[in-house]
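A.B. asks: Quick one: the structure is below, and I'll ask about it shortly.
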Amino acid sequence: MDKRLHQGHLARKRFGQNFLHDGNIIDAIVSAIHPLPDQALVEIGPGLGALTEPVAERLTQLTVIELDRDLAARLATHPFMQSKLTILQQDAMTVDFAALAQQLGQPLRVFGNLPYNISTPLMFHLFSYTQAIRDMHFMLQKEVVNRLVAGPDSKAYGRLSVMAQYYCQIIPVLEVPPTSFRPAPKVDSAVVRLVPYSQLPHPVSDLQVLARITSQAFNQRRKTVRNSLGHLFTQAQLTELGIDPVMRAENITVAQYCHLANWLADHPSQQE
Ligand code: SAM
């Protein structure tokens, strides 16, 4: 039998379709999410409903975002879920989550076994709506979860760690082997919980500046910051801002990146 065939659906690689079929893992994820009846849960990529069914059982209403037209159509005629589901057949990257929270009258609880090919840009999209989001639970490649939670002085620490930790508290939940999916992905997976801070620990005045500094530092992560950020800060300025110029991108904490970004935003002439 074709390994891509699951419940009569031929998995589409371009949509990152790897369907969960391991009952124990599904139970563990749903317990970690802990959905309560009147909450505003939103699932990204419900697929064939492996997580959707047990979550919908506990709710009166559930919003799902599914790009694959065939899968969205299957959900629309699902025997016991159809009356509870609001189906948005669209790319999750184009969803206005703030408008959705407003429509549902409360902050969203977003979850999903994400298509791995777009998981990082999708998280960046969601980070721009953290004021409208209560929490997020995602299945991701284990390596991406390692990057999300990594602290300074480690190989996994990078731009994604800094940007994610700027917005959210991040808690790894469980690891999931390839055998829990059909078709089995080539990599290990893990579930992570992201809880947006109600008060940012290190607010910056201009996020673009933080994004720019972190990408320039980490794009040349083997260089000292004296070199990688040399066009933005002099050595003396770095020292004054508490950064040793011989440090590398991975030695700088989130708080320090935010401090650099705020200083640079206050000195726009330095940014040319
Ligand atoms: N939730 C199901 C499960 O756990 O078995 C399916 C997970 S599968 C890894 C990812 C799902 O996301 C697929 O149903 C796929 O069609 C959907 N998808 C892919 N790209 C998407 C996008 N840009 N927006 C919304 N859904 C997307």
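Residue names in the structure tokens use chain letters A, B, ... in the order shown, residue numbers from 1 in each chain, and ligand numbers from 1 in the order shown.
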Ligand 1: which residues are within 8 Å, counting only C-alpha atoms and all ligand atoms? Reply as a ChimeraX atom specification.
C.D. replies: /A:12,14-21,43-52,65-68,71,89-93,112-116,118,181
A.B. asks: If we count only C-alpha atoms, what is near region 171-176 of chain A at a cut-off of 8 Å, once residues fewer than 4 positions away on the same chain are taken out, given as a list in words?
C.D. replies: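 These residues fall inside the cut-off: Ile25, Ala32, Lys142, Val145, Val149, Ser180, Asp188, Ser189, Ala190, Val191, Val192, Arg193 and Leu194 of chain A.
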A.B. asks: One number please: CA of Gly242 (chain A) to CA of Met163 (chain A), in Å, one decimal.
C.D. replies: 20.4 Å
A.B. asks: Pick out the residues sitting within 12 Å of Ser128 (chain A), and hand them over as JSON, numbers by chain; count only C-alpha atoms, and ignore anything fewer than 4 positions along from it in its own chain.
C.D. replies: {"A": [93, 95, 96, 97, 98, 121, 122, 123, 124, 132, 133, 163, 164, 166, 167, 168, 196, 207, 208]}
A.B. asks: With distances taken over only C-alpha atoms, which of A:Lys155, A:His267, A:Lys223, A:Lys186 is nearest to Gln141 (chain A)?
C.D. replies: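 Of all the options, A:Lys186 lies closest to Gln141 (chain A).
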A.B. asks: Can you list every residue in region 57-265 of chain A that DSSP puts in strand (DSSP E or B), as an NGL selection string?
C.D. replies: :A and (62-65 or 85-88 or 108-113 or 133-141 or 168-176 or 181-182 or 189-196 or 224 or 248)
A.B. asks: Using C-alpha atoms, can you export the residues from the last selection as a compact mmCIF listing (two decimals), in the first residue's frame?
C.D. replies:
```txt
# COMPACT_ATOMS: atom_id res chain seq x y z
CA LEU A 62 -13.70 25.30 17.26
CA THR A 63 -12.08 27.35 14.49
CA VAL A 64 -9.78 25.50 12.08
CA ILE A 65 -7.54 26.85 9.32
CA LEU A 85 -16.43 23.78 13.29
CA THR A 86 -15.78 27.14 11.70
CA ILE A 87 -13.55 26.25 8.77
CA LEU A 88 -11.25 28.85 7.22
CA LEU A 108 -6.98 32.81 21.17
CA ARG A 109 -5.54 29.45 22.12
CA VAL A 110 -3.77 28.38 18.93
CA PHE A 111 -2.54 24.83 18.34
CA GLY A 112 -1.49 22.53 15.54
CA ASN A 113 0.76 19.88 14.15
CA ILE A 133 -3.10 35.11 21.73
CA ARG A 134 -3.28 33.45 25.14
CA ASP A 135 -1.09 30.47 24.31
CA MET A 136 0.13 28.23 21.48
CA HIS A 137 0.88 24.51 21.35
CA PHE A 138 2.76 23.29 18.31
CA MET A 139 4.22 20.09 16.99
CA LEU A 140 7.48 21.02 15.28
CA GLN A 141 10.71 19.43 14.21
CA CYS A 168 6.96 34.29 24.75
CA GLN A 169 7.76 32.00 27.60
CA ILE A 170 8.64 28.70 25.96
CA ILE A 171 8.15 25.26 27.49
CA PRO A 172 8.98 21.95 25.74
CA VAL A 173 6.15 19.46 26.31
CA LEU A 174 7.03 16.10 24.76
CA GLU A 175 9.09 14.39 22.10
CA VAL A 176 7.47 12.45 19.28
CA PHE A 181 2.94 9.84 11.88
CA ARG A 182 1.78 8.64 8.49
CA SER A 189 9.44 15.93 16.34
CA ALA A 190 8.50 17.64 19.59
CA VAL A 191 5.58 19.54 21.05
CA VAL A 192 6.19 22.95 22.57
CA ARG A 193 4.04 25.44 24.49
CA LEU A 194 4.52 29.16 23.83
CA VAL A 195 2.90 31.61 26.22
CA PRO A 196 3.05 35.27 25.13
CA THR A 224 33.03 38.75 16.73
CA ARG A 248 30.09 36.38 19.15
```
A.B. asks: If DSSP is run on the backbone, what residues of region 49-217 of chain A are alpha helix (DSSP H)? A reply as a PyMOL selection string would be ideal.
C.D. replies: chain A and resi 52-57+69-76+97-104+119-127+142-149+159-167+207-217
A.B. asks: How many Å lie between CA of Gln61 (chain A) and CA of Pro37 (chain A), rounded to one decimal?
C.D. replies: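 It comes out at 8.1 Å.
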A.B. asks: Would you work out the distance separating CA of Asp153 (chain A) from CA of Glu250 (chain A), expressed in Å to one decimal?
C.D. replies: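 We find that CA of Asp153 (chain A) and CA of Glu250 (chain A) lie 5.4 Å from each other.
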A.B. asks: If we count only C-alpha atoms and set the cut-off at 10 Å, which residues sit around Leu36 (chain A), ignoring sequence neighbours fewer than 4 positions away in its own chain? Please answer as a ChimeraX atom specification.
C.D. replies: /A:40-41,55,58-60
A.B. asks: Residues near Val162 (chain A), anyone? I mean within 9 Å using only C-alpha atoms, not counting same-chain ones fewer than 2 positions away, as a PDB file with N, CA and C atoms, in the first residue's frame.
C.D. replies:
```
ATOM      1  N   LEU A 148      14.119  27.066  19.631  1.00  0.00           N
ATOM      2  CA  LEU A 148      13.204  27.988  20.326  1.00  0.00           C
ATOM      3  C   LEU A 148      13.603  28.182  21.783  1.00  0.00           C
ATOM      4  N   ALA A 150      16.622  27.447  23.203  1.00  0.00           N
ATOM      5  CA  ALA A 150      18.062  27.558  23.478  1.00  0.00           C
ATOM      6  C   ALA A 150      18.419  28.889  24.143  1.00  0.00           C
ATOM      7  N   GLY A 151      19.360  28.810  25.084  1.00  0.00           N
ATOM      8  CA  GLY A 151      19.897  30.012  25.718  1.00  0.00           C
ATOM      9  C   GLY A 151      21.260  30.329  25.113  1.00  0.00           C
ATOM     10  N   TYR A 157      21.313  28.308  19.797  1.00  0.00           N
ATOM     11  CA  TYR A 157      20.858  29.680  20.064  1.00  0.00           C
ATOM     12  C   TYR A 157      21.050  30.533  18.809  1.00  0.00           C
ATOM     13  N   GLY A 158      19.955  31.146  18.350  1.00  0.00           N
ATOM     14  CA  GLY A 158      20.044  31.944  17.128  1.00  0.00           C
ATOM     15  C   GLY A 158      18.938  32.980  17.077  1.00  0.00           C
ATOM     16  N   ARG A 159      18.712  33.491  15.872  1.00  0.00           N
ATOM     17  CA  ARG A 159      17.714  34.548  15.687  1.00  0.00           C
ATOM     18  C   ARG A 159      16.320  34.092  16.143  1.00  0.00           C
ATOM     19  N   LEU A 160      15.993  32.828  15.817  1.00  0.00           N
ATOM     20  CA  LEU A 160      14.666  32.324  16.222  1.00  0.00           C
ATOM     21  C   LEU A 160      14.536  32.304  17.749  1.00  0.00           C
ATOM     22  N   ALA A 164      11.697  34.579  19.466  1.00  0.00           N
ATOM     23  CA  ALA A 164      10.634  33.844  20.167  1.00  0.00           C
ATOM     24  C   ALA A 164      10.638  34.177  21.654  1.00  0.00           C
ATOM     25  N   GLN A 165      11.842  34.235  22.241  1.00  0.00           N
ATOM     26  CA  GLN A 165      11.925  34.500  23.681  1.00  0.00           C
ATOM     27  C   GLN A 165      11.647  35.968  24.007  1.00  0.00           C
ATOM     28  N   TYR A 166      11.745  36.826  23.016  1.00  0.00           N
ATOM     29  CA  TYR A 166      11.347  38.221  23.203  1.00  0.00           C
ATOM     30  C   TYR A 166       9.844  38.281  23.520  1.00  0.00           C
ATOM     31  N   TYR A 167       9.068  37.458  22.774  1.00  0.00           N
ATOM     32  CA  TYR A 167       7.607  37.518  22.890  1.00  0.00           C
ATOM     33  C   TYR A 167       7.010  36.542  23.907  1.00  0.00           C
ATOM     34  N   THR A 214      19.679  41.219  15.076  1.00  0.00           N
ATOM     35  CA  THR A 214      19.837  39.771  15.276  1.00  0.00           C
ATOM     36  C   THR A 214      20.168  39.084  13.957  1.00  0.00           C
ATOM     37  N   THR A 253      22.834  37.911  25.303  1.00  0.00           N
ATOM     38  CA  THR A 253      21.512  37.505  25.815  1.00  0.00           C
ATOM     39  C   THR A 253      20.392  38.284  25.105  1.00  0.00           C
ATOM     40  N   VAL A 254      19.168  37.805  25.295  1.00  0.00           N
ATOM     41  CA  VAL A 254      18.002  38.497  24.722  1.00  0.00           C
ATOM     42  C   VAL A 254      17.943  39.923  25.276  1.00  0.00           C
ATOM     43  N   TYR A 257      20.458  42.060  23.473  1.00  0.00           N
ATOM     44  CA  TYR A 257      20.029  42.414  22.108  1.00  0.00           C
ATOM     45  C   TYR A 257      18.986  43.539  22.158  1.00  0.00           C
TER      46      TYR A 257
END
```
